[in-house]
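Trainee: Compact mmCIF, C-alpha atoms and all ligand atoms, saved as entry.txt, coming up:
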```txt
# COMPACT_ATOMS: atom_id res chain seq x y z
CA MET A 1 71.32 -15.76 -29.82
CA SER A 2 71.57 -18.40 -32.54
CA GLU A 3 71.56 -17.72 -36.27
CA GLN A 4 68.53 -19.85 -37.04
CA ILE A 5 66.21 -18.07 -39.43
CA GLU A 6 63.23 -19.64 -41.12
CA ARG A 7 61.06 -17.92 -43.70
CA ILE A 8 57.38 -18.84 -44.01
CA LYS A 9 54.13 -17.51 -45.43
CA THR A 10 51.96 -17.52 -42.35
CA LEU A 11 52.87 -17.55 -38.69
CA ILE A 12 50.11 -18.03 -36.14
CA ILE A 13 50.96 -17.00 -32.62
CA GLY A 14 48.80 -18.69 -30.01
CA SER A 15 46.91 -21.97 -29.77
CA GLY A 16 43.43 -21.26 -28.45
CA PRO A 17 40.27 -21.58 -30.54
CA ALA A 18 41.26 -18.50 -32.58
CA GLY A 19 44.75 -19.79 -33.41
CA TYR A 20 43.68 -23.32 -34.32
CA THR A 21 40.72 -22.17 -36.38
CA ALA A 22 43.01 -19.76 -38.24
CA ALA A 23 45.35 -22.72 -38.76
CA ILE A 24 42.61 -24.97 -40.16
CA TYR A 25 41.63 -22.32 -42.72
CA ALA A 26 45.18 -21.26 -43.52
CA ALA A 27 46.36 -24.85 -43.99
CA ARG A 28 43.44 -25.66 -46.27
CA ALA A 29 44.35 -22.58 -48.33
CA ASP A 30 47.94 -23.86 -48.74
CA LEU A 31 49.48 -21.12 -46.61
CA ASN A 32 51.58 -23.76 -44.80
CA PRO A 33 50.94 -22.19 -41.41
CA VAL A 34 53.24 -22.63 -38.45
CA VAL A 35 51.58 -22.30 -35.04
CA TYR A 36 53.60 -21.44 -31.96
CA THR A 37 51.55 -22.53 -28.99
CA GLY A 38 52.71 -20.09 -26.33
CA MET A 39 53.07 -20.80 -22.64
CA GLU A 40 49.63 -22.34 -22.24
CA PRO A 41 49.11 -24.69 -25.21
CA GLY A 42 45.38 -24.77 -25.93
CA GLY A 43 44.80 -21.42 -24.24
CA GLN A 44 42.25 -20.48 -21.61
CA LEU A 45 39.93 -23.40 -22.40
CA THR A 46 42.46 -25.82 -20.98
CA THR A 47 41.80 -24.27 -17.58
CA THR A 48 38.05 -24.92 -17.70
CA THR A 49 36.38 -28.22 -17.12
CA GLU A 50 33.20 -28.69 -19.11
CA VAL A 51 32.45 -26.66 -22.26
CA ASP A 52 28.71 -26.80 -22.87
CA ASN A 53 28.24 -23.83 -25.16
CA PHE A 54 30.43 -24.62 -28.16
CA PRO A 55 28.13 -25.63 -31.01
CA GLY A 56 28.45 -29.21 -32.21
CA TYR A 57 28.94 -30.93 -28.87
CA PRO A 58 25.44 -31.93 -27.75
CA GLU A 59 26.76 -33.62 -24.62
CA GLY A 60 29.38 -30.94 -23.90
CA ILE A 61 33.10 -31.57 -23.92
CA ASP A 62 35.90 -30.87 -21.50
CA GLY A 63 38.08 -27.92 -22.48
CA PRO A 64 41.43 -29.76 -22.76
CA THR A 65 39.93 -32.50 -24.99
CA MET A 66 38.34 -29.91 -27.24
CA MET A 67 41.68 -28.16 -27.67
CA VAL A 68 43.47 -31.43 -28.51
CA GLN A 69 40.81 -32.10 -31.15
CA LEU A 70 41.19 -28.60 -32.60
CA GLN A 71 44.94 -29.15 -32.79
CA GLN A 72 44.45 -32.52 -34.52
CA GLN A 73 42.05 -30.93 -36.99
CA ALA A 74 44.60 -28.21 -37.80
CA GLU A 75 47.37 -30.82 -38.17
CA ARG A 76 45.23 -32.96 -40.48
CA PHE A 77 45.62 -30.24 -43.12
CA GLY A 78 49.35 -29.87 -42.59
CA THR A 79 49.64 -27.21 -39.89
CA ASP A 80 53.03 -27.32 -38.22
CA VAL A 81 52.30 -26.95 -34.49
CA ARG A 82 55.32 -26.15 -32.35
CA VAL A 83 55.75 -25.49 -28.67
CA GLY A 84 57.37 -22.11 -28.22
CA MET A 85 56.78 -18.59 -27.12
CA ALA A 86 57.07 -15.47 -29.28
CA THR A 87 59.40 -13.28 -27.26
CA ALA A 88 60.04 -10.32 -29.62
CA VAL A 89 58.64 -8.95 -32.86
CA GLU A 90 59.79 -6.59 -35.55
CA LEU A 91 56.85 -5.76 -37.79
CA SER A 92 57.30 -4.27 -41.24
CA ASP A 93 55.41 -1.14 -42.32
CA GLU A 94 55.66 -2.08 -45.99
CA VAL A 95 53.00 -3.88 -48.00
CA GLY A 96 54.66 -7.19 -48.85
CA GLY A 97 57.31 -6.63 -46.18
CA ILE A 98 58.70 -9.42 -44.03
CA HIS A 99 57.86 -9.53 -40.33
CA LYS A 100 60.35 -10.98 -37.89
CA VAL A 101 59.35 -12.88 -34.79
CA THR A 102 61.82 -14.26 -32.28
CA ILE A 103 60.82 -17.51 -30.61
CA ASP A 104 62.06 -18.35 -27.12
CA ASN A 105 64.68 -15.58 -27.38
CA ASP A 106 66.50 -17.72 -29.91
CA LYS A 107 65.11 -18.71 -33.27
CA VAL A 108 63.84 -16.08 -35.73
CA ILE A 109 60.85 -16.67 -37.97
CA GLU A 110 60.42 -14.40 -40.96
CA ALA A 111 56.82 -14.36 -42.11
CA GLU A 112 54.87 -12.62 -44.83
CA THR A 113 51.74 -12.74 -42.71
CA ILE A 114 51.21 -13.05 -38.99
CA ILE A 115 47.97 -14.00 -37.27
CA ILE A 116 48.00 -12.94 -33.66
CA SER A 117 45.83 -15.10 -31.43
CA THR A 118 47.65 -14.74 -28.16
CA GLY A 119 44.42 -14.45 -26.14
CA ALA A 120 43.90 -12.78 -22.82
CA SER A 121 44.31 -13.83 -19.25
CA ALA A 122 41.68 -13.26 -16.62
CA LYS A 123 42.93 -11.24 -13.71
CA TYR A 124 42.72 -12.85 -10.31
CA LEU A 125 42.93 -11.39 -6.82
CA ASN A 126 46.06 -13.44 -6.21
CA ILE A 127 45.34 -14.29 -2.62
CA PRO A 128 46.38 -17.82 -1.52
CA SER A 129 42.92 -19.23 -0.76
CA GLU A 130 41.63 -18.07 -4.17
CA GLN A 131 44.57 -19.59 -6.03
CA ARG A 132 44.23 -22.87 -4.12
CA LEU A 133 40.54 -23.23 -5.03
CA ARG A 134 40.80 -22.32 -8.72
CA GLY A 135 38.93 -25.10 -10.49
CA GLY A 136 37.34 -26.07 -7.17
CA GLY A 137 34.64 -23.41 -7.19
CA VAL A 138 36.69 -20.32 -8.05
CA SER A 139 36.17 -19.31 -11.68
CA ALA A 140 36.82 -16.27 -13.83
CA CYS A 141 34.05 -17.03 -16.32
CA ALA A 142 30.40 -17.09 -15.29
CA VAL A 143 29.19 -17.91 -18.78
CA CYS A 144 31.52 -20.96 -18.87
CA ASP A 145 30.98 -22.28 -15.36
CA GLY A 146 27.81 -20.66 -13.96
CA PHE A 147 25.65 -23.57 -15.01
CA PHE A 148 27.35 -25.84 -12.47
CA TYR A 149 25.98 -23.67 -9.67
CA LYS A 150 22.35 -23.87 -10.69
CA GLY A 151 20.08 -23.22 -7.71
CA GLN A 152 23.04 -22.51 -5.43
CA GLU A 153 24.39 -19.40 -3.68
CA VAL A 154 27.43 -17.77 -5.26
CA ALA A 155 29.43 -14.55 -5.04
CA ILE A 156 31.08 -12.38 -7.66
CA VAL A 157 33.91 -9.87 -7.27
CA GLY A 158 34.07 -6.70 -9.38
CA GLY A 159 32.09 -3.61 -10.21
CA GLY A 160 32.68 -3.19 -13.94
CA ASP A 161 30.52 -4.12 -16.92
CA THR A 162 31.78 -7.70 -16.91
CA ALA A 163 30.92 -8.21 -13.24
CA ALA A 164 27.49 -6.62 -13.72
CA GLU A 165 26.76 -8.68 -16.81
CA GLU A 166 27.96 -11.90 -15.20
CA ALA A 167 26.05 -11.16 -11.98
CA SER A 168 22.85 -10.80 -14.05
CA TYR A 169 23.67 -14.01 -15.89
CA LEU A 170 24.25 -15.86 -12.61
CA ALA A 171 21.09 -14.39 -11.06
CA ASN A 172 19.07 -16.21 -13.73
CA ILE A 173 20.57 -19.54 -12.76
CA CYS A 174 21.48 -19.28 -9.09
CA LYS A 175 19.45 -18.85 -5.95
CA LYS A 176 21.43 -15.84 -4.75
CA VAL A 177 24.36 -13.77 -5.97
CA THR A 178 26.39 -11.61 -3.60
CA MET A 179 28.34 -8.97 -5.51
CA LEU A 180 31.47 -7.52 -3.89
CA VAL A 181 32.35 -4.02 -5.10
CA ARG A 182 35.49 -2.55 -3.57
CA LYS A 183 34.45 1.11 -3.96
CA ASP A 184 31.26 2.82 -2.81
CA HIS A 185 30.07 2.79 -6.42
CA MET A 186 30.26 0.64 -9.51
CA ARG A 187 32.31 1.36 -12.57
CA ALA A 188 29.77 -0.39 -14.78
CA SER A 189 27.60 1.60 -17.19
CA LYS A 190 24.37 3.01 -15.78
CA ALA A 191 22.33 0.58 -17.86
CA MET A 192 24.20 -2.39 -16.42
CA GLN A 193 23.91 -1.03 -12.89
CA HIS A 194 20.20 -0.63 -13.38
CA ARG A 195 19.94 -4.23 -14.52
CA VAL A 196 21.84 -5.51 -11.49
CA ASN A 197 19.81 -3.36 -9.11
CA SER A 198 16.56 -4.58 -10.60
CA LEU A 199 17.23 -8.24 -9.83
CA ASP A 200 15.95 -9.28 -6.41
CA ASN A 201 18.41 -12.11 -5.89
CA ILE A 202 21.54 -9.96 -6.32
CA GLU A 203 22.84 -8.41 -3.12
CA ILE A 204 25.45 -5.73 -3.71
CA ARG A 205 28.04 -5.15 -0.99
CA TYR A 206 29.90 -1.89 -1.53
CA ASN A 207 33.31 -1.14 0.02
CA THR A 208 33.71 -4.87 0.34
CA GLU A 209 36.59 -7.16 -0.58
CA VAL A 210 37.48 -10.80 -0.23
CA ASP A 211 39.33 -11.58 2.97
CA GLU A 212 39.50 -15.34 2.44
CA VAL A 213 37.82 -18.00 0.35
CA LEU A 214 36.72 -20.77 2.71
CA GLY A 215 36.84 -24.48 1.97
CA ASP A 216 39.34 -27.26 1.80
CA GLN A 217 38.93 -29.00 -1.57
CA VAL A 218 36.00 -26.93 -2.86
CA VAL A 219 34.53 -23.53 -2.07
CA GLU A 220 32.26 -23.65 0.95
CA GLY A 221 32.11 -20.01 1.94
CA LEU A 222 33.57 -16.56 1.80
CA ARG A 223 34.90 -14.22 4.46
CA MET A 224 34.34 -10.65 3.32
CA VAL A 225 35.85 -7.51 4.79
CA ASN A 226 34.44 -4.01 4.72
CA ASN A 227 37.42 -1.87 3.69
CA GLN A 228 36.00 1.19 5.52
CA THR A 229 35.16 -0.34 8.89
CA GLY A 230 37.37 -3.46 8.88
CA GLU A 231 34.31 -5.48 9.83
CA LYS A 232 34.41 -9.09 8.63
CA GLU A 233 31.52 -11.35 7.74
CA GLU A 234 31.23 -14.93 6.52
CA ILE A 235 28.69 -16.21 4.05
CA ALA A 236 28.07 -19.73 2.74
CA ILE A 237 28.62 -20.04 -1.02
CA THR A 238 29.62 -22.82 -3.39
CA GLY A 239 31.03 -20.70 -6.20
CA LEU A 240 33.13 -17.56 -6.38
CA PHE A 241 33.43 -15.69 -9.66
CA ILE A 242 36.24 -13.23 -10.21
CA ALA A 243 35.31 -10.51 -12.72
CA ILE A 244 37.93 -7.84 -12.22
CA GLY A 245 39.05 -7.57 -15.82
CA HIS A 246 41.20 -9.36 -18.35
CA LYS A 247 44.64 -8.58 -19.60
CA PRO A 248 45.22 -9.25 -23.28
CA ASN A 249 48.52 -11.03 -23.93
CA THR A 250 49.84 -8.38 -26.28
CA ASP A 251 52.83 -6.89 -24.47
CA ILE A 252 55.34 -7.92 -27.17
CA PHE A 253 53.42 -5.89 -29.78
CA LYS A 254 53.36 -2.66 -27.74
CA GLY A 255 54.70 0.31 -29.67
CA GLN A 256 54.22 -1.46 -33.01
CA LEU A 257 50.51 -2.20 -33.18
CA GLU A 258 47.65 0.14 -32.36
CA MET A 259 46.01 -0.87 -29.10
CA ASP A 260 43.51 0.57 -26.68
CA ASP A 261 44.71 1.69 -23.26
CA VAL A 262 44.24 -1.80 -21.79
CA GLY A 263 46.23 -3.47 -24.58
CA TYR A 264 43.51 -4.91 -26.84
CA ILE A 265 44.77 -4.77 -30.44
CA ILE A 266 42.67 -2.48 -32.59
CA THR A 267 41.46 -4.00 -35.86
CA GLU A 268 39.68 -2.35 -38.75
CA PRO A 269 35.88 -2.69 -38.66
CA ASP A 270 34.58 -5.89 -40.31
CA SER A 271 38.12 -7.22 -40.59
CA THR A 272 41.04 -8.56 -38.58
CA LYS A 273 43.53 -6.13 -40.14
CA THR A 274 45.82 -4.30 -37.77
CA ASN A 275 47.70 -1.11 -38.63
CA LYS A 276 50.56 -3.17 -40.12
CA PRO A 277 50.10 -4.74 -43.56
CA GLY A 278 49.98 -8.53 -43.34
CA VAL A 279 49.44 -8.61 -39.58
CA PHE A 280 46.02 -9.77 -38.42
CA ALA A 281 44.60 -10.10 -34.93
CA SER A 282 41.94 -12.53 -33.76
CA GLY A 283 40.35 -13.84 -30.59
CA ASP A 284 40.62 -12.34 -27.14
CA ALA A 285 43.77 -10.37 -28.02
CA GLN A 286 41.46 -8.03 -29.94
CA ASP A 287 37.98 -8.72 -28.50
CA LYS A 288 37.07 -7.25 -25.15
CA ILE A 289 33.34 -7.58 -25.58
CA TYR A 290 32.36 -11.17 -26.43
CA ARG A 291 35.39 -13.25 -25.38
CA GLN A 292 33.79 -16.62 -26.12
CA ALA A 293 35.50 -19.68 -27.63
CA VAL A 294 33.11 -19.62 -30.54
CA THR A 295 33.61 -15.92 -31.29
CA ALA A 296 37.37 -16.40 -31.03
CA ALA A 297 37.11 -19.28 -33.52
CA GLY A 298 35.07 -17.00 -35.79
CA THR A 299 37.67 -14.26 -35.82
CA GLY A 300 40.42 -16.87 -36.31
CA CYS A 301 38.65 -17.92 -39.49
CA MET A 302 38.37 -14.27 -40.55
CA ALA A 303 42.09 -13.71 -39.94
CA ALA A 304 43.07 -16.68 -42.11
CA LEU A 305 40.80 -15.47 -44.93
CA ASP A 306 42.24 -11.95 -44.59
CA ALA A 307 45.79 -13.37 -44.68
CA GLU A 308 45.00 -15.45 -47.75
CA ARG A 309 43.60 -12.42 -49.59
CA TYR A 310 46.58 -10.31 -48.57
CA LEU A 311 49.05 -12.93 -49.84
CA ALA A 312 47.15 -13.14 -53.12
CA THR A 313 47.38 -9.35 -53.46
CA ILE A 314 51.11 -9.14 -52.84
CA GLY A 315 51.90 -12.34 -54.75
CA SER A 316 53.69 -14.42 -52.13
CA ALA A 317 57.41 -14.71 -52.80
CA ILE A 318 57.73 -17.77 -50.61
CA GLU A 319 57.71 -21.30 -51.95
CA ALA A 320 54.96 -23.61 -50.80
CA THR A 321 57.25 -25.45 -48.40
CA ALA A 322 58.89 -23.66 -45.51
CA ARG A 323 62.67 -23.57 -45.96
CA TRP A 324 65.73 -22.88 -43.88
CA ASP A 325 67.99 -20.04 -44.96
P1 LIG B 1 36.90 -3.07 -15.76
O1 LIG B 1 38.35 -2.79 -15.70
O2 LIG B 1 36.00 -2.11 -16.43
O3 LIG B 1 36.33 -3.27 -14.28
C1 LIG B 1 37.03 -4.02 -13.35
C2 LIG B 1 36.27 -3.99 -12.04
O4 LIG B 1 36.95 -4.83 -11.13
C3 LIG B 1 36.22 -2.60 -11.42
O5 LIG B 1 35.01 -2.45 -10.71
C4 LIG B 1 37.40 -2.64 -10.45
O6 LIG B 1 37.23 -1.82 -9.33
C5 LIG B 1 37.33 -4.08 -9.99
N1 LIG B 1 38.62 -4.56 -9.52
C6 LIG B 1 39.81 -4.52 -10.16
N2 LIG B 1 40.78 -5.10 -9.41
C7 LIG B 1 40.17 -5.49 -8.27
C8 LIG B 1 40.62 -6.15 -7.11
N3 LIG B 1 41.88 -6.53 -6.96
N4 LIG B 1 39.71 -6.42 -6.13
C9 LIG B 1 38.42 -6.06 -6.26
N5 LIG B 1 37.92 -5.44 -7.35
C10 LIG B 1 38.79 -5.16 -8.34
O7 LIG B 1 36.82 -4.55 -16.41
P2 LIG B 1 35.60 -5.27 -17.12
O8 LIG B 1 36.08 -6.64 -17.43
O9 LIG B 1 34.38 -5.13 -16.33
O10 LIG B 1 35.41 -4.47 -18.49
C11 LIG B 1 36.49 -4.34 -19.41
C12 LIG B 1 36.03 -3.52 -20.60
O11 LIG B 1 35.08 -4.26 -21.37
C13 LIG B 1 35.32 -2.23 -20.18
O12 LIG B 1 35.64 -1.24 -21.13
C14 LIG B 1 33.86 -2.60 -20.28
O13 LIG B 1 33.02 -1.47 -20.49
C15 LIG B 1 33.86 -3.56 -21.47
N6 LIG B 1 32.74 -4.48 -21.41
C16 LIG B 1 31.61 -4.18 -22.12
C17 LIG B 1 30.54 -5.01 -22.10
C18 LIG B 1 29.37 -4.65 -22.89
O14 LIG B 1 29.36 -3.59 -23.50
N7 LIG B 1 28.36 -5.48 -22.94
C19 LIG B 1 30.51 -6.23 -21.29
C20 LIG B 1 31.74 -6.44 -20.55
C21 LIG B 1 32.79 -5.59 -20.62
P3 LIG B 1 37.52 -0.22 -9.39
O15 LIG B 1 36.37 0.37 -10.11
O16 LIG B 1 37.59 0.10 -7.96
O17 LIG B 1 38.83 -0.07 -10.10
```
Could you render the structure as structure tokens?

Mentor:
Amino acid sequence: MSEQIERIKTLIIGSGPAGYTAAIYAARADLNPVVYTGMEPGGQLTTTTEVDNFPGYPEGIDGPTMMVQLQQQAERFGTDVRVGMATAVELSDEVGGIHKVTIDNDKVIEAETIIISTGASAKYLNIPSEQRLRGGGVSACAVCDGFFYKGQEVAIVGGGDTAAEEASYLANICKKVTMLVRKDHMRASKAMQHRVNSLDNIEIRYNTEVDEVLGDQVVEGLRMVNNQTGEKEEIAITGLFIAIGHKPNTDIFKGQLEMDDVGYIITEPDSTKTNKPGVFASGDAQDKIYRQAVTAAGTGCMAALDAERYLATIGSAIEATARWD
């Protein structure tokens, strides 16, 4: 472990739409933010192709390009964007206290405010054929990618609220949606189940799991297996949506920040405040309901405004320019 310690006003952890939007606002408010990008610079959007639902792009934009542009916009106002992963945190309980974040198990950043925008990762089945066809018809976001399967036959895996909601969304666009539920019942709320059951073009297969996703370069079909009888069946589809839950990337904050049982950081209503003074959470790390790029950007903005107000209240002790101790 080296002795490098740097003290700054605002540290932003994560580089998705939440992190970069927080950076744009924080930089414009002279908080001299430093962004650490994490393992997947640009976040989940860099794994999608076309983004058609972010306001301001009438022709759509591909996810990686949009994230580069967000980064450039944050840098235009002086954000210091660095590649690195927060590997440990020590959060202060005191108002005006200094929070310590270790980067890459080496360097320590001391920050008066931290904006957490570490995002969430969609869970996958982790079977080889699914992994091979990710981006070739296998997606974990119906709202992002469903449009590309307009008029086609698709399948969705999962029996929770997300799967039910996404199946209904897909049913509006696609010819047919086959829904694979591994138990003999769904976990989704009754209202969502009712919605799924009321749509004629959704076929629900209970006790059913994916045996193999078929296709060479792109998805061409699905072999399903009934986990009670072992019976297998193939169907022709062009898209497979995985909706078996997300995992927020919040493990390093466990034991220090209040979270729900899945790991979503709990924030105060109408705010991004966590239970630690000066620590704010935005984006998918704290939002299990909406999980859209635009809502993440919105909460990133909120977090920067909350950080700015907090720093004004405590009277920041740190000079405008980051310095090395
Ligand atoms: P959930 O954890 O609630 O559901 C996951 C579903 O995927 C379950 O049916 C589970 O099956 C199934 N599953 C998990 N692993 C596998 C696997 N390996 N193979 C096949 N199936 C699998 O996740 P959601 O994303 O649906 O919801 C997360 C939270 O967000 C919930 O609290 C939900 O209520 C909430 N939410 C609310 C919404 C709303 O209010 N509008 C919309 C979306 C989500 P099993 O039941 O057998 O474990």

Trainee: Please compute the CA of Ala171 in chain A-CA of Ile242 in chain A distance, one decimal, in Å.

Mentor: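 Atom-to-atom, CA of Ala171 in chain A and CA of Ile242 in chain A are spaced 15.2 Å apart.
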
Trainee: Using CA of Val138 in chain A and atom C14 of ligand LIG 1 (chain B) as the two end points, give the distance in Å to one decimal.

Mentor: 21.7 Å

Trainee: If I put a ball of radius 10 Å at (38.2, -24.2, 0.8) in the file's coordinates, which residues poke into it when counting only C-alpha atoms, written as a PyMOL selection string?

Mentor: chain A and resi 129-130+132-133+136-138+212-222+238

Trainee: As a quick test: using all atoms listed in the file, which residues lie no more than 9 Å away from ligand LIG 1 (chain B)? Give them as a compact mmCIF listing (two decimals) with C-alpha atoms, in the coordinates of the input.

Mentor:
```txt
# COMPACT_ATOMS: atom_id res chain seq x y z
CA ALA A 122 41.68 -13.26 -16.62
CA LYS A 123 42.93 -11.24 -13.71
CA TYR A 124 42.72 -12.85 -10.31
CA LEU A 125 42.93 -11.39 -6.82
CA ASN A 126 46.06 -13.44 -6.21
CA VAL A 157 33.91 -9.87 -7.27
CA GLY A 158 34.07 -6.70 -9.38
CA GLY A 159 32.09 -3.61 -10.21
CA GLY A 160 32.68 -3.19 -13.94
CA ASP A 161 30.52 -4.12 -16.92
CA THR A 162 31.78 -7.70 -16.91
CA ALA A 163 30.92 -8.21 -13.24
CA ALA A 164 27.49 -6.62 -13.72
CA GLU A 165 26.76 -8.68 -16.81
CA GLU A 166 27.96 -11.90 -15.20
CA LEU A 180 31.47 -7.52 -3.89
CA VAL A 181 32.35 -4.02 -5.10
CA ARG A 182 35.49 -2.55 -3.57
CA LYS A 183 34.45 1.11 -3.96
CA ASP A 184 31.26 2.82 -2.81
CA HIS A 185 30.07 2.79 -6.42
CA MET A 186 30.26 0.64 -9.51
CA ARG A 187 32.31 1.36 -12.57
CA ALA A 188 29.77 -0.39 -14.78
CA SER A 189 27.60 1.60 -17.19
CA MET A 192 24.20 -2.39 -16.42
CA THR A 208 33.71 -4.87 0.34
CA GLU A 209 36.59 -7.16 -0.58
CA VAL A 210 37.48 -10.80 -0.23
CA ILE A 242 36.24 -13.23 -10.21
CA ALA A 243 35.31 -10.51 -12.72
CA ILE A 244 37.93 -7.84 -12.22
CA GLY A 245 39.05 -7.57 -15.82
CA HIS A 246 41.20 -9.36 -18.35
CA VAL A 262 44.24 -1.80 -21.79
CA ASP A 287 37.98 -8.72 -28.50
CA LYS A 288 37.07 -7.25 -25.15
CA ILE A 289 33.34 -7.58 -25.58
CA TYR A 290 32.36 -11.17 -26.43
```

Trainee: Using all atoms listed in the file, find each residue of range 114-226 of chain A with at least one atom at most 9 Å away from an atom of range 249-256 of chain A; report its shortest atom-to-atom pair and that distance in Å (one decimal), sort the rows by chain and rising residue number, and return the result as a Markdown table.

Mentor:
```
| residue | atom | partner | partner_atom | distance |
| --- | --- | --- | --- | --- |
| A:Ile116 | CA | A:Thr250 | CA | 8.9 |
| A:Ser117 | CA | A:Asn249 | CA | 8.9 |
| A:Thr118 | CA | A:Asn249 | CA | 5.7 |
| A:Gly119 | CA | A:Asn249 | CA | 5.8 |
| A:Ala120 | CA | A:Asn249 | CA | 5.1 |
| A:Ser121 | CA | A:Asn249 | CA | 6.9 |
```

Trainee: Which residue gives the smallest distance to Ala285 in chain A among A:Cys174, A:Met302, A:Leu11, A:Ala18, with all atoms listed in the file counted?

Mentor: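 Looking only at the distances to Ala285 in chain A, the closest residue turns out to be A:Ala18.
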
Trainee: Go ahead and compute the interatomic distance for CA of Pro64 in chain A and CA of Thr37 in chain A, in Å to one decimal.

Mentor: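 Atom-to-atom, CA of Pro64 in chain A and CA of Thr37 in chain A are spaced 13.9 Å apart.
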
Trainee: Within 7 Å of (53.5, -22.9, -38.4) (file coordinates; only C-alpha atoms), which protein or nucleic acid residues are there? I'd like them as an MDAnalysis selection string.

Mentor: chainID A and resid 10:12 32:36 79:81

Trainee: Give me the residues within 9 Å of Gly298 in chain A as a ChimeraX atom specification, counting all atoms listed in the file and dropping any in the same chain fewer than 5 places off.

Mentor: /A:17-18,21-22,282-283,293,303

Trainee: Go ahead and write the residues just picked, C-alpha atoms, as a tab-separated table (two decimals), in the coordinates of the input.

Mentor:
```tsv
chain	number	residue	atom	x	y	z
A	17	PRO	CA	40.27	-21.58	-30.54
A	18	ALA	CA	41.26	-18.50	-32.58
A	21	THR	CA	40.72	-22.17	-36.38
A	22	ALA	CA	43.01	-19.76	-38.24
A	282	SER	CA	41.94	-12.53	-33.76
A	283	GLY	CA	40.35	-13.84	-30.59
A	293	ALA	CA	35.50	-19.68	-27.63
A	303	ALA	CA	42.09	-13.71	-39.94
```

Trainee: Choose the residue, out of A:Ala167, A:Val83, A:Ile8, A:Ala304, that has the smallest atom-to-atom separation from Ile202 in chain A; count only C-alpha atoms.

Mentor: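 Closest to Ile202 in chain A, using only C-alpha atoms: A:Ala167.
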
Trainee: Around range 299-318 of chain A, fit a box with edges along x, y and z, padding it by 6 Å on each side, then list its centre and edge lengths in Å to one decimal as lines of an AutoDock Vina configuration file.

Mentor:
```
center_x = 47.7
center_y = -13.5
center_z = -45.3
size_x = 32.1
size_y = 20.8
size_z = 30.9
```

Trainee: Check the smallest atom-to-atom distance from each of A:Asn172, A:Ser15, A:Gln152, A:Asn226 to Gly300 in chain A using all atoms listed in the file, then report the winner.

Mentor: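 Going through A:Asn172, A:Ser15, A:Gln152, A:Asn226 one by one, the smallest distance to Gly300 in chain A is for A:Ser15.
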
Trainee: Measuring between only C-alpha atoms, which one of A:Arg195, A:Ile127, A:Gly239, A:Gly63 shows the shortest distance to Phe148 in chain A?

Mentor: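 Result for the nearest residue to Phe148 in chain A: A:Gly239.
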